[in-house]
$ cat work.cif   # mmCIF, C-alpha atoms and all ligand atoms
data_target
loop_
_atom_site.label_atom_id
_atom_site.label_comp_id
_atom_site.auth_asym_id
_atom_site.auth_seq_id
_atom_site.Cartn_x
_atom_site.Cartn_y
_atom_site.Cartn_z
CA MET H 1139 -1.25 2.89 26.20
CA GLU H 1140 1.06 0.25 24.85
CA MET H 1141 0.75 -2.91 22.81
CA THR H 1142 3.06 -5.26 20.98
CA VAL H 1143 2.68 -6.64 17.51
CA ALA H 1144 3.94 -10.18 18.08
CA LEU H 1145 5.70 -11.39 14.94
CA GLU H 1146 8.61 -13.38 16.37
CA ASP H 1147 11.83 -11.68 15.18
CA ASN H 1148 9.82 -8.80 13.71
CA SER H 1149 7.84 -7.98 16.87
CA TYR H 1150 7.54 -4.32 17.79
CA PRO H 1151 5.90 -2.06 20.35
CA ILE H 1152 3.27 0.61 19.67
CA TYR H 1153 2.84 3.48 22.10
CA ILE H 1154 -0.24 5.71 22.00
CA GLU H 1155 0.07 8.76 24.23
CA LYS H 1156 -0.65 12.46 23.98
CA GLY H 1157 2.63 14.41 24.00
CA ILE H 1158 4.82 11.39 23.25
CA LEU H 1159 6.47 13.21 20.31
CA ALA H 1160 8.36 15.42 22.75
CA GLN H 1161 9.80 12.30 24.43
CA SER H 1162 10.64 10.38 21.29
CA ASP H 1163 14.38 10.32 22.06
CA LYS H 1164 13.77 8.23 25.20
CA TYR H 1165 11.48 5.81 23.38
CA ILE H 1166 13.69 5.44 20.31
CA LYS H 1167 16.72 4.70 22.50
CA LYS H 1168 14.95 1.52 23.60
CA VAL H 1169 15.20 0.08 20.09
CA TYR H 1170 18.15 1.95 18.56
CA GLN H 1171 21.66 2.16 19.93
CA GLY H 1172 23.29 3.80 16.88
CA ASN H 1173 23.86 7.51 16.44
CA LYS H 1174 22.52 8.67 13.04
CA ILE H 1175 18.88 9.32 12.23
CA MET H 1176 17.36 10.50 8.96
CA ILE H 1177 13.87 11.98 9.34
CA ILE H 1178 11.72 11.66 6.22
CA SER H 1179 8.71 13.96 6.22
CA ASP H 1180 6.57 16.19 4.03
CA ASP H 1181 6.73 19.99 3.90
CA GLN H 1182 3.46 20.49 5.75
CA VAL H 1183 4.04 18.06 8.62
CA TYR H 1184 7.67 19.14 8.97
CA SER H 1185 6.60 22.78 9.31
CA TYR H 1186 4.50 21.81 12.36
CA TYR H 1187 6.59 19.12 14.04
CA GLY H 1188 10.00 18.98 12.36
CA GLU H 1189 11.78 21.39 14.67
CA LEU H 1190 10.36 19.81 17.81
CA LEU H 1191 11.33 16.30 16.73
CA THR H 1192 14.79 17.36 15.54
CA ASN H 1193 15.53 19.16 18.79
CA VAL H 1194 14.39 16.23 20.89
CA LEU H 1195 16.35 13.67 18.87
CA ASN H 1196 19.43 15.91 18.76
CA LYS H 1197 19.84 15.29 22.49
CA GLU H 1198 20.89 11.72 21.73
CA PHE H 1199 21.58 11.41 18.00
CA ILE H 1200 23.01 13.09 14.91
CA VAL H 1201 19.90 14.07 12.97
CA GLU H 1202 19.29 15.05 9.34
CA HIS H 1203 16.04 15.42 7.41
CA VAL H 1204 14.74 15.10 3.88
CA ILE H 1205 11.43 16.64 2.91
CA VAL H 1206 9.05 15.81 0.04
CA PRO H 1207 6.01 17.82 -1.08
CA HIS H 1208 2.85 16.82 0.79
CA GLY H 1209 0.24 14.64 -0.88
CA GLU H 1210 -0.15 11.33 -2.68
CA GLN H 1211 1.87 12.69 -5.63
CA SER H 1212 4.99 12.13 -3.53
CA LYS H 1213 4.28 8.41 -3.08
CA ARG H 1214 5.61 7.62 -6.49
CA PHE H 1215 8.40 5.51 -7.88
CA ASP H 1216 10.36 8.30 -9.52
CA ILE H 1217 10.83 10.24 -6.29
CA LEU H 1218 12.95 7.42 -4.86
CA PRO H 1219 16.38 8.36 -6.31
CA SER H 1220 16.29 11.76 -4.60
CA LEU H 1221 15.64 10.08 -1.26
CA TYR H 1222 18.38 7.47 -1.70
CA LYS H 1223 20.75 10.31 -2.66
CA ALA H 1224 19.95 12.18 0.57
CA LEU H 1225 20.71 9.01 2.56
CA LEU H 1226 24.00 8.53 0.72
CA ASP H 1227 24.98 12.16 1.30
CA PHE H 1228 24.28 11.71 5.02
CA LYS H 1229 26.34 8.49 4.91
CA LEU H 1230 23.56 6.52 6.56
CA THR H 1231 24.79 2.94 7.08
CA ARG H 1232 22.99 -0.38 7.50
CA THR H 1233 22.86 -0.04 11.27
CA ASP H 1234 21.33 3.45 11.21
CA LEU H 1235 17.70 4.55 11.46
CA ILE H 1236 15.05 6.25 9.35
CA VAL H 1237 12.15 7.97 11.12
CA ALA H 1238 8.95 8.44 9.10
CA LEU H 1239 7.23 11.59 10.39
CA GLY H 1240 3.90 12.19 8.66
CA GLY H 1241 0.73 10.70 7.28
CA GLY H 1242 0.26 7.48 5.37
CA VAL H 1243 2.06 8.82 2.31
CA ILE H 1244 5.24 9.39 4.30
CA GLY H 1245 4.88 6.13 6.23
CA ASP H 1246 4.54 4.09 3.04
CA LEU H 1247 7.24 6.01 1.15
CA ALA H 1248 9.83 6.23 3.94
CA GLY H 1249 9.03 2.62 4.81
CA PHE H 1250 9.76 1.54 1.25
CA VAL H 1251 13.00 3.51 1.27
CA ALA H 1252 13.99 1.90 4.60
CA ALA H 1253 13.17 -1.56 3.21
CA THR H 1254 15.30 -1.11 0.10
CA TYR H 1255 18.21 1.24 0.92
CA LEU H 1256 21.26 -0.98 1.55
CA ARG H 1257 18.74 -3.90 1.54
CA GLY H 1258 17.13 -2.57 4.69
CA VAL H 1259 17.81 -0.09 7.49
CA LYS H 1260 15.93 0.35 10.74
CA LEU H 1261 12.61 2.20 10.67
CA VAL H 1262 10.49 3.97 13.29
CA GLN H 1263 7.02 5.20 12.36
CA ILE H 1264 5.72 8.46 13.88
CA PRO H 1265 2.30 8.80 12.23
CA THR H 1266 0.70 12.24 12.37
CA SER H 1267 -2.59 11.85 10.43
CA LEU H 1268 -5.60 9.97 11.77
CA LEU H 1269 -5.40 7.52 8.89
CA ALA H 1270 -1.76 6.77 9.64
CA GLN H 1271 -2.43 6.43 13.37
CA VAL H 1272 -5.32 3.99 12.98
CA ASP H 1273 -4.02 2.03 10.02
CA SER H 1274 -0.97 2.63 7.86
CA SER H 1275 1.77 2.87 10.50
CA VAL H 1276 1.01 -0.66 11.69
CA GLY H 1277 1.32 -3.90 9.77
CA GLY H 1278 4.42 -3.40 7.67
CA LYS H 1279 2.92 -2.74 4.24
CA VAL H 1280 5.17 -0.17 2.55
CA ALA H 1281 4.83 0.88 -1.07
CA VAL H 1282 4.82 3.45 -3.82
CA ASP H 1283 2.21 3.92 -6.54
CA LEU H 1284 2.65 3.46 -10.27
CA PRO H 1285 0.58 5.39 -12.82
CA GLU H 1286 -1.12 2.03 -13.54
CA GLY H 1287 -2.17 1.33 -9.96
CA LYS H 1288 -1.89 1.94 -6.22
CA ASN H 1289 0.88 0.43 -4.11
CA LEU H 1290 2.08 -1.72 -6.99
CA VAL H 1291 5.73 -1.65 -5.91
CA GLY H 1292 6.28 -2.44 -2.26
CA ALA H 1293 7.32 -4.79 0.49
CA PHE H 1294 6.37 -6.09 3.89
CA TYR H 1295 8.79 -4.27 6.18
CA HIS H 1296 8.04 -3.78 9.84
CA PRO H 1297 9.10 -0.80 11.92
CA LYS H 1298 11.08 -1.26 15.12
CA MET H 1299 8.54 0.92 16.94
CA VAL H 1300 5.43 3.04 16.32
CA LEU H 1301 4.97 6.25 18.33
CA ILE H 1302 1.44 7.64 18.10
CA ASP H 1303 0.84 11.12 19.49
CA PRO H 1304 -2.89 11.97 19.15
CA GLU H 1305 -2.04 15.61 19.99
CA THR H 1306 -0.73 16.00 16.44
CA LEU H 1307 -4.30 15.60 15.17
CA ARG H 1308 -5.06 19.12 16.41
CA THR H 1309 -3.36 20.57 13.33
CA LEU H 1310 -4.71 17.99 10.86
CA PRO H 1311 -7.01 19.65 8.28
CA LYS H 1312 -10.65 18.57 8.67
CA ARG H 1313 -10.67 16.90 5.25
CA PHE H 1314 -8.02 14.49 6.50
CA VAL H 1315 -9.76 13.82 9.79
CA ASN H 1316 -12.67 12.62 7.67
CA ASP H 1317 -10.27 10.75 5.42
CA GLY H 1318 -9.01 8.82 8.46
CA MET H 1319 -12.58 8.19 9.55
CA GLY H 1320 -13.01 6.34 6.24
CA GLU H 1321 -10.65 3.66 7.56
CA VAL H 1322 -12.21 3.75 11.05
CA ILE H 1323 -15.62 3.11 9.44
CA LYS H 1324 -13.98 0.23 7.56
CA TYR H 1325 -12.81 -1.38 10.83
CA GLY H 1326 -16.32 -1.03 12.24
CA CYS H 1327 -17.85 -2.59 9.13
CA ILE H 1328 -15.54 -5.59 8.93
CA LYS H 1329 -14.93 -6.43 12.58
CA ASP H 1330 -16.62 -4.34 15.23
CA LYS H 1331 -20.26 -3.24 15.29
CA GLY H 1332 -19.67 -1.61 18.70
CA LEU H 1333 -17.03 0.66 17.17
CA PHE H 1334 -19.34 1.40 14.24
CA ASP H 1335 -22.21 2.35 16.55
CA LYS H 1336 -19.94 4.50 18.68
CA ILE H 1337 -18.62 6.62 15.81
CA ASN H 1338 -22.13 6.78 14.40
CA SER H 1339 -23.43 8.26 17.65
CA TYR H 1340 -21.15 11.31 17.79
CA GLN H 1341 -22.84 14.65 17.26
CA GLY H 1342 -19.68 16.48 16.23
CA PHE H 1343 -15.90 16.58 16.25
CA ASP H 1344 -15.63 17.50 19.93
CA GLU H 1345 -17.22 14.19 20.91
CA LEU H 1346 -14.98 12.34 18.49
CA TYR H 1347 -11.86 14.02 19.90
CA GLN H 1348 -12.83 13.18 23.46
CA ASP H 1349 -12.66 9.48 22.58
CA ILE H 1350 -9.86 9.66 20.03
CA ASP H 1351 -7.21 7.74 22.03
CA GLU H 1352 -9.67 4.92 22.61
CA ILE H 1353 -10.69 4.83 18.95
CA ILE H 1354 -7.08 4.74 17.78
CA TYR H 1355 -6.33 1.98 20.28
CA ARG H 1356 -9.29 -0.12 19.13
CA CYS H 1357 -8.41 0.20 15.43
CA VAL H 1358 -4.74 -0.57 16.01
CA ASP H 1359 -5.69 -3.54 18.16
CA ILE H 1360 -7.89 -4.96 15.39
CA LYS H 1361 -5.08 -4.49 12.90
CA ARG H 1362 -2.51 -6.02 15.28
CA ASP H 1363 -4.65 -9.10 15.72
CA VAL H 1364 -5.25 -9.56 11.99
CA VAL H 1365 -1.59 -8.98 11.05
CA GLU H 1366 -0.33 -11.39 13.71
CA ARG H 1367 -2.53 -14.12 12.25
CA ASP H 1368 -1.95 -13.35 8.55
CA GLN H 1369 1.12 -11.20 8.10
CA PHE H 1370 1.44 -11.74 4.35
CA ASP H 1371 -2.15 -11.06 3.33
CA PHE H 1372 -3.50 -14.37 2.08
CA GLY H 1373 -6.30 -14.88 4.62
CA ASP H 1374 -7.94 -12.74 7.29
CA ARG H 1375 -5.81 -9.71 6.40
CA LEU H 1376 -7.63 -9.44 3.07
CA LEU H 1377 -10.61 -8.18 5.09
CA LEU H 1378 -8.67 -4.95 5.80
CA ASN H 1379 -9.11 -4.27 2.10
CA PHE H 1380 -12.87 -3.74 2.35
CA GLY H 1381 -13.73 -0.89 -0.02
CA HIS H 1382 -10.25 -0.89 -1.56
CA THR H 1383 -10.90 -2.87 -4.79
CA LEU H 1384 -13.02 -0.04 -6.16
CA GLY H 1385 -11.36 2.62 -4.01
CA HIS H 1386 -7.84 2.04 -5.32
CA ALA H 1387 -9.14 1.85 -8.90
CA ILE H 1388 -10.96 5.17 -8.49
CA GLU H 1389 -7.84 6.79 -7.01
CA GLN H 1390 -5.84 5.50 -10.00
CA TYR H 1391 -8.47 6.64 -12.50
CA TYR H 1392 -7.99 10.23 -11.31
CA GLN H 1393 -4.22 9.73 -11.08
CA TYR H 1394 -4.34 10.19 -7.28
CA GLN H 1395 -5.44 13.83 -7.62
CA LYS H 1396 -9.19 13.93 -7.01
CA TYR H 1397 -9.96 11.70 -4.04
CA SER H 1398 -7.87 11.07 -0.95
CA HIS H 1399 -7.44 7.41 0.02
CA GLY H 1400 -10.11 7.43 2.74
CA GLU H 1401 -12.56 9.18 0.41
CA ALA H 1402 -12.05 6.62 -2.35
CA VAL H 1403 -12.38 3.77 0.16
CA ALA H 1404 -15.69 5.27 1.34
CA ILE H 1405 -17.02 5.18 -2.23
CA GLY H 1406 -15.71 1.64 -2.61
CA MET H 1407 -17.37 0.39 0.60
CA VAL H 1408 -20.78 1.79 -0.34
CA GLN H 1409 -20.75 0.87 -4.02
CA LEU H 1410 -19.41 -2.66 -3.60
CA THR H 1411 -21.94 -3.33 -0.86
CA LYS H 1412 -24.68 -2.14 -3.21
CA ILE H 1413 -23.50 -4.60 -5.83
CA ALA H 1414 -23.39 -7.35 -3.21
CA GLU H 1415 -26.95 -6.55 -2.14
CA GLU H 1416 -28.18 -6.82 -5.73
CA LYS H 1417 -26.62 -10.28 -5.95
CA GLY H 1418 -27.97 -11.39 -2.57
CA LEU H 1419 -24.44 -11.53 -1.13
CA SER H 1420 -25.05 -8.91 1.59
CA PRO H 1421 -28.32 -8.07 3.37
CA MET H 1422 -30.46 -5.37 1.74
CA ALA H 1423 -30.00 -1.79 3.05
CA THR H 1424 -26.50 -2.46 4.42
CA SER H 1425 -25.08 -0.01 1.86
CA ASP H 1426 -27.51 2.68 3.05
CA ILE H 1427 -26.23 2.31 6.61
CA ILE H 1428 -22.63 2.73 5.39
CA LYS H 1429 -23.64 5.59 3.12
CA ASP H 1430 -25.25 7.44 6.03
CA ILE H 1431 -22.20 7.22 8.27
CA CYS H 1432 -19.87 8.21 5.42
CA THR H 1433 -22.06 11.23 4.67
CA LYS H 1434 -21.92 12.15 8.35
CA TYR H 1435 -18.13 12.40 8.03
CA ASP H 1436 -18.38 14.32 4.74
CA LEU H 1437 -17.05 11.39 2.77
CA PRO H 1438 -18.21 10.82 -0.82
CA THR H 1439 -20.20 7.69 -1.57
CA TYR H 1440 -20.46 7.83 -5.36
CA SER H 1441 -17.96 8.89 -8.03
CA ASP H 1442 -19.84 8.60 -11.33
CA VAL H 1443 -16.89 6.77 -12.90
CA LYS H 1444 -17.84 4.10 -15.45
CA THR H 1445 -17.02 0.63 -14.15
CA SER H 1446 -15.64 -0.19 -17.60
CA ASP H 1447 -12.99 2.49 -16.98
CA LEU H 1448 -11.92 0.81 -13.73
CA ILE H 1449 -11.45 -2.71 -15.06
CA GLY H 1450 -7.76 -2.21 -15.95
CA ALA H 1451 -6.80 -1.11 -12.45
CA ILE H 1452 -9.05 -3.71 -10.80
CA SER H 1453 -7.32 -6.41 -12.84
CA LEU H 1454 -4.03 -5.37 -11.17
CA ASP H 1455 -5.46 -5.62 -7.63
CA LYS H 1456 -3.05 -7.58 -5.45
CA LYS H 1457 -5.87 -9.65 -4.00
CA ASN H 1458 -6.51 -11.30 -7.38
CA ILE H 1459 -5.63 -14.98 -7.49
CA ASN H 1460 -5.60 -16.90 -10.80
CA ARG H 1461 -7.53 -14.09 -12.49
CA LYS H 1462 -10.28 -14.27 -9.84
CA LEU H 1463 -11.05 -11.17 -7.81
CA SER H 1464 -11.13 -11.48 -4.02
CA LEU H 1465 -13.91 -9.13 -2.96
CA VAL H 1466 -14.46 -8.23 0.67
CA LEU H 1467 -18.18 -8.25 1.45
CA LEU H 1468 -20.25 -7.82 4.59
CA LYS H 1469 -22.46 -10.46 6.21
CA GLU H 1470 -23.73 -7.60 8.34
CA ILE H 1471 -22.20 -4.51 9.94
CA GLY H 1472 -19.31 -5.86 12.04
CA SER H 1473 -18.80 -9.10 10.13
CA SER H 1474 -17.12 -9.65 6.75
CA TYR H 1475 -15.97 -12.35 4.36
CA VAL H 1476 -13.95 -12.80 1.18
CA TYR H 1477 -15.88 -13.71 -1.96
CA GLN H 1478 -14.12 -15.01 -5.07
CA SER H 1479 -15.61 -13.60 -8.23
CA ASP H 1480 -14.87 -12.65 -11.79
CA LEU H 1481 -15.16 -9.14 -13.21
CA SER H 1482 -18.77 -9.68 -14.25
CA LEU H 1483 -19.90 -8.98 -10.68
CA ILE H 1484 -18.42 -5.48 -10.78
CA LYS H 1485 -19.86 -4.93 -14.23
CA ILE H 1486 -23.45 -5.36 -13.07
CA LYS H 1487 -23.28 -1.63 -12.32
CA ASP H 1488 -22.60 0.82 -15.12
CA ARG H 1489 -21.14 3.48 -12.85
CA VAL H 1490 -19.91 3.52 -9.26
N1 LIG S 1 0.48 0.81 4.64
C1 LIG S 1 -0.79 0.67 4.98
O1 LIG S 1 -1.18 -0.31 5.62
C2 LIG S 1 -1.76 1.73 4.60
C3 LIG S 1 -3.04 1.75 5.19
C4 LIG S 1 -3.92 2.77 4.82
C5 LIG S 1 -3.52 3.75 3.92
N2 LIG S 1 -2.28 3.72 3.39
C6 LIG S 1 -1.82 4.80 2.49
O2 LIG S 1 -1.79 5.99 3.24
C7 LIG S 1 -1.89 7.09 2.33
C8 LIG S 1 -2.88 8.11 2.85
O3 LIG S 1 -2.43 8.59 4.09
P1 LIG S 1 -2.93 9.99 4.68
O4 LIG S 1 -4.39 10.10 4.52
O5 LIG S 1 -2.33 10.15 6.00
O6 LIG S 1 -2.33 11.02 3.62
P2 LIG S 1 -1.11 12.05 3.72
O7 LIG S 1 0.10 11.40 4.24
O8 LIG S 1 -1.03 12.69 2.37
O9 LIG S 1 -1.62 13.10 4.79
C9 LIG S 1 -2.75 13.87 4.49
C10 LIG S 1 -2.42 15.37 4.54
O10 LIG S 1 -2.37 15.77 5.90
C11 LIG S 1 -1.15 16.44 6.18
N3 LIG S 1 -0.85 16.12 7.57
C12 LIG S 1 -0.55 14.91 8.09
N4 LIG S 1 -0.46 14.98 9.42
C13 LIG S 1 -0.70 16.27 9.75
C14 LIG S 1 -0.78 16.96 10.98
N5 LIG S 1 -0.65 16.35 12.14
N6 LIG S 1 -1.04 18.29 10.94
C15 LIG S 1 -1.22 18.93 9.75
N7 LIG S 1 -1.19 18.32 8.57
C16 LIG S 1 -0.93 17.00 8.57
C17 LIG S 1 -0.17 15.97 5.14
O11 LIG S 1 0.84 16.93 4.93
C18 LIG S 1 -1.08 15.77 3.93
O12 LIG S 1 -1.24 17.01 3.27
C19 LIG S 1 -2.32 6.52 0.99
O13 LIG S 1 -1.22 6.49 0.13
C20 LIG S 1 -2.74 5.11 1.33
O14 LIG S 1 -2.56 4.22 0.26
C21 LIG S 1 -1.40 2.73 3.71
O1 LIG S 2 -2.84 -3.43 5.96
C1 LIG S 2 -3.59 -3.95 5.13
O2 LIG S 2 -3.51 -5.15 4.82
C2 LIG S 2 -4.61 -3.15 4.45
O3 LIG S 2 -5.24 -3.62 3.51
C3 LIG S 2 -4.85 -1.76 4.94
C4 LIG S 2 -5.37 -0.82 3.89
O4 LIG S 2 -6.13 0.19 4.57
C5 LIG S 2 -4.26 -0.08 3.13
O5 LIG S 2 -4.83 0.88 2.28
C6 LIG S 2 -3.25 -0.92 2.39
O6 LIG S 2 -2.16 -0.14 1.97
C7 LIG S 2 -3.81 -1.58 1.17
O7 LIG S 2 -2.92 -2.54 0.76
P1 LIG S 2 -2.88 -3.16 -0.69
O8 LIG S 2 -2.24 -4.49 -0.46
O9 LIG S 2 -4.28 -3.25 -1.20
O10 LIG S 2 -2.04 -2.25 -1.51
ZN ZN S 3 -6.61 1.75 3.19
#
$ encode --input "work.cif" --output "structure tokens" --more "lines below"
Ligand SMILES: NC(=O)c1ccc[n+]([C@@H]2O[C@H](COP(=O)([O-])OP(=O)(O)OC[C@H]3O[C@@H](n4cnc5c(N)ncnc54)[C@H](O)[C@@H]3O)[C@@H](O)[C@H]2O)c1
Ligand SMILES: O=C(O)C(=O)C[C@@H](O)[C@H](O)[C@H](O)COP(=O)(O)O
Ligand SMILES: [Zn+2]
Amino acid sequence: MEMTVALEDNSYPIYIEKGILAQSDKYIKKVYQGNKIMIISDDQVYSYYGELLTNVLNKEFIVEHVIVPHGEQSKRFDILPSLYKALLDFKLTRTDLIVALGGGVIGDLAGFVAATYLRGVKLVQIPTSLLAQVDSSVGGKVAVDLPEGKNLVGAFYHPKMVLIDPETLRTLPKRFVNDGMGEVIKYGCIKDKGLFDKINSYQGFDELYQDIDEIIYRCVDIKRDVVERDQFDFGDRLLLNFGHTLGHAIEQYYQYQKYSHGEAVAIGMVQLTKIAEEKGLSPMATSDIIKDICTKYDLPTYSDVKTSDLIGAISLDKKNINRKLSLVLLKEIGSSYVYQSDLSLIKIKDRV
């Protein structure tokens, strides 16, 4: 399966195909005629797929790698000098390529490095987690976290190509399959009731895996459409942030240690929809429907954090305009809108 994100000079192809990792040299040659490639990955992903990718790319290119510890803790500002140093040591030049091999942490981190090293070098995304395959590898948002908040230092920087190999999901720990399902549920909630109903109907992981290519394709296609219409996140793209106002603040509250991104987003989707129901901004019982599907995928729906403890991080949310929050709410499952509000709306609940 193939699609193109059409962004004029920044357009790029996405390929979704089982086994594509083993052919990545052929695909990358289509967009890269240079000879040096730096793979950026984490220890866990590299232990599964690093050797395979290196051997395949070595047929055509000179390949080096730099590895960071797995987990959100690596998506931080102060890790950057060690990555720039590795690129300098490899003498990577402006016409060379970085390949991001890993989940969303690696995609965002390597993407930020590619956007900033020498003011920008080429980037190819090879996402290996479900979350990265359905969401983070597409759309060009790259970033690192600060202790004060998620993704606070970043850029819009598009890859030259995205290679999605659903086979890699076979080694993904179950917690992170569920984590990715948090974002799939989000797509269903904001844009596609059919997708929501489909993932709600599965009896177990086998059924999910049977349809996984189709699910990835549908999510990526939604994201492609939104990004093409609102690349810089001032309109329709804000909808992709459903659940993230609270979710990011909860991740920050625990300093990115307790909840994974998809888990925090699940809490955010349910709790914000509850608030919206209380204010008559979403139909009653919508939050229960989201809660049920999140529970089905072992995602948390409540954190017990005081809303007063989240206000600092929420105030730094990038969707805020002139001190007004932009909250993504549901009209119903499958349809969403942006609602401008002040912090008092969040404060109507003591804990979320
Ligand atoms: N840029 C965007 O548009 C965007 C969108 C959504 C999320 N994000 C970001 O993505 C990050 C979360 O991504 P994530 O959930 O992929 O986390 P992650 O990158 O930490 O991956 C989760 C875990 O799975 C492991 N892993 C990944 N692929 C594997 C595989 N195939 N086999 C075995 N283990 C594997 C990793 O080593 C890690 O331990 C967050 O930082 C979030 O903010 C960005
Ligand atoms: O691509 C987008 O736009 C999104 O909002 C996708 C989100 O799933 C993702 O977590 C993104 O990184 C959040 O962006 P931010 O602008 O809120 O940092
Ligand atoms: Zn997200």
$ residues_near_ligand --input "work.cif" --ligand "ligand LIG 2 (chain S)" --cutoff "6 Å" --atoms "only C-alpha atoms and all ligand atoms" --output "PyMOL selection string"
chain H and resi 1277+1289+1375+1378-1379+1456
$ residues_near_point --input "work.cif" --point "(-16.4, -9.3, -14.2)" --cutoff "12 Å" --atoms "all atoms listed in the file" --output "PDB file with C-alpha atoms, in the coordinates of the input"
ATOM      1  CA  ILE H1413     -23.500  -4.600  -5.830  1.00  0.00           C
ATOM      2  CA  THR H1445     -17.020   0.630 -14.150  1.00  0.00           C
ATOM      3  CA  SER H1446     -15.640  -0.190 -17.600  1.00  0.00           C
ATOM      4  CA  LEU H1448     -11.920   0.810 -13.730  1.00  0.00           C
ATOM      5  CA  ILE H1449     -11.450  -2.710 -15.060  1.00  0.00           C
ATOM      6  CA  GLY H1450      -7.760  -2.210 -15.950  1.00  0.00           C
ATOM      7  CA  ILE H1452      -9.050  -3.710 -10.800  1.00  0.00           C
ATOM      8  CA  SER H1453      -7.320  -6.410 -12.840  1.00  0.00           C
ATOM      9  CA  ARG H1461      -7.530 -14.090 -12.490  1.00  0.00           C
ATOM     10  CA  LYS H1462     -10.280 -14.270  -9.840  1.00  0.00           C
ATOM     11  CA  LEU H1463     -11.050 -11.170  -7.810  1.00  0.00           C
ATOM     12  CA  SER H1464     -11.130 -11.480  -4.020  1.00  0.00           C
ATOM     13  CA  LEU H1465     -13.910  -9.130  -2.960  1.00  0.00           C
ATOM     14  CA  GLN H1478     -14.120 -15.010  -5.070  1.00  0.00           C
ATOM     15  CA  SER H1479     -15.610 -13.600  -8.230  1.00  0.00           C
ATOM     16  CA  ASP H1480     -14.870 -12.650 -11.790  1.00  0.00           C
ATOM     17  CA  LEU H1481     -15.160  -9.140 -13.210  1.00  0.00           C
ATOM     18  CA  SER H1482     -18.770  -9.680 -14.250  1.00  0.00           C
ATOM     19  CA  LEU H1483     -19.900  -8.980 -10.680  1.00  0.00           C
ATOM     20  CA  ILE H1484     -18.420  -5.480 -10.780  1.00  0.00           C
ATOM     21  CA  LYS H1485     -19.860  -4.930 -14.230  1.00  0.00           C
ATOM     22  CA  ILE H1486     -23.450  -5.360 -13.070  1.00  0.00           C
ATOM     23  CA  LYS H1487     -23.280  -1.630 -12.320  1.00  0.00           C
ATOM     24  CA  ASP H1488     -22.600   0.820 -15.120  1.00  0.00           C
TER      25      ASP H1488
END
$ residues_around --input "work.cif" --residues "stretch 1469-1472 of chain H" --least-positions-apart "4" --cutoff "6 Å" --atoms "all atoms listed in the file" --output "ChimeraX atom specification"
/H:1326-1331,1420
$ closest_residue --input "work.cif" --among "H:Leu1346, H:Ile1205, H:Leu1269, H:Leu1247" --to "H:Val1358" --atoms "all atoms listed in the file"
H:Leu1269
$ closest_residue --input "work.cif" --among "H:Ile1337, H:Met1141, H:Ala1270, H:Ile1459" --to "H:Glu1155" --atoms "all atoms listed in the file"
H:Met1141
$ closest_residue --input "work.cif" --among "H:Ile1158, H:Leu1226, H:Val1291, H:Ala1402" --to "H:Cys1432" --atoms "only C-alpha atoms"
H:Ala1402
$ residues_near_ligand --input "work.cif" --ligand "ligand ZN 3 (chain S)" --cutoff "9 Å" --atoms "all atoms listed in the file" --output "list in words"
Leu1269, Asp1273, Ser1274, Gly1320, Glu1321, Lys1324, Leu1378, Asn1379, Phe1380, Gly1381, His1382, Gly1385, His1386, His1399, Gly1400 and Val1403 of chain H
$ closest_residue --input "work.cif" --among "H:Asp1436, H:Asp1447, H:Glu1210, H:Glu1415" --to "H:Val1282" --atoms "all atoms listed in the file"
H:Glu1210
$ closest_residue --input "work.cif" --among "H:His1203, H:Lys1197, H:Lys1336, H:Lys1298" --to "H:Ser1149" --atoms "only C-alpha atoms"
H:Lys1298
$ residues_around --input "work.cif" --residues "H:Lys1429" --least-positions-apart "4" --cutoff "7 Å" --atoms "only C-alpha atoms" --output "list of chain:residue names"
H:Val1408, H:Ser1425, H:Thr1433, H:Thr1439
$ residues_around --input "work.cif" --residues "stretch 1255-1259 of chain H" --least-positions-apart "4" --cutoff "12 Å" --atoms "only C-alpha atoms" --output "short mmCIF file (atom, residue, chain, number, x, y, z; two decimals) with C-alpha atoms, in the coordinates of the input"
data_model
loop_
_atom_site.label_atom_id
_atom_site.label_comp_id
_atom_site.auth_asym_id
_atom_site.auth_seq_id
_atom_site.Cartn_x
_atom_site.Cartn_y
_atom_site.Cartn_z
CA TYR H 1170 18.15 1.95 18.56
CA GLY H 1172 23.29 3.80 16.88
CA LYS H 1174 22.52 8.67 13.04
CA ILE H 1175 18.88 9.32 12.23
CA MET H 1176 17.36 10.50 8.96
CA LEU H 1218 12.95 7.42 -4.86
CA PRO H 1219 16.38 8.36 -6.31
CA LEU H 1221 15.64 10.08 -1.26
CA TYR H 1222 18.38 7.47 -1.70
CA LYS H 1223 20.75 10.31 -2.66
CA ALA H 1224 19.95 12.18 0.57
CA LEU H 1225 20.71 9.01 2.56
CA LEU H 1226 24.00 8.53 0.72
CA LYS H 1229 26.34 8.49 4.91
CA LEU H 1230 23.56 6.52 6.56
CA THR H 1231 24.79 2.94 7.08
CA ARG H 1232 22.99 -0.38 7.50
CA THR H 1233 22.86 -0.04 11.27
CA ASP H 1234 21.33 3.45 11.21
CA LEU H 1235 17.70 4.55 11.46
CA ILE H 1236 15.05 6.25 9.35
CA VAL H 1237 12.15 7.97 11.12
CA LEU H 1247 7.24 6.01 1.15
CA ALA H 1248 9.83 6.23 3.94
CA GLY H 1249 9.03 2.62 4.81
CA PHE H 1250 9.76 1.54 1.25
CA VAL H 1251 13.00 3.51 1.27
CA ALA H 1293 7.32 -4.79 0.49
CA PHE H 1294 6.37 -6.09 3.89
CA TYR H 1295 8.79 -4.27 6.18
CA HIS H 1296 8.04 -3.78 9.84
CA PRO H 1297 9.10 -0.80 11.92
CA LYS H 1298 11.08 -1.26 15.12
#
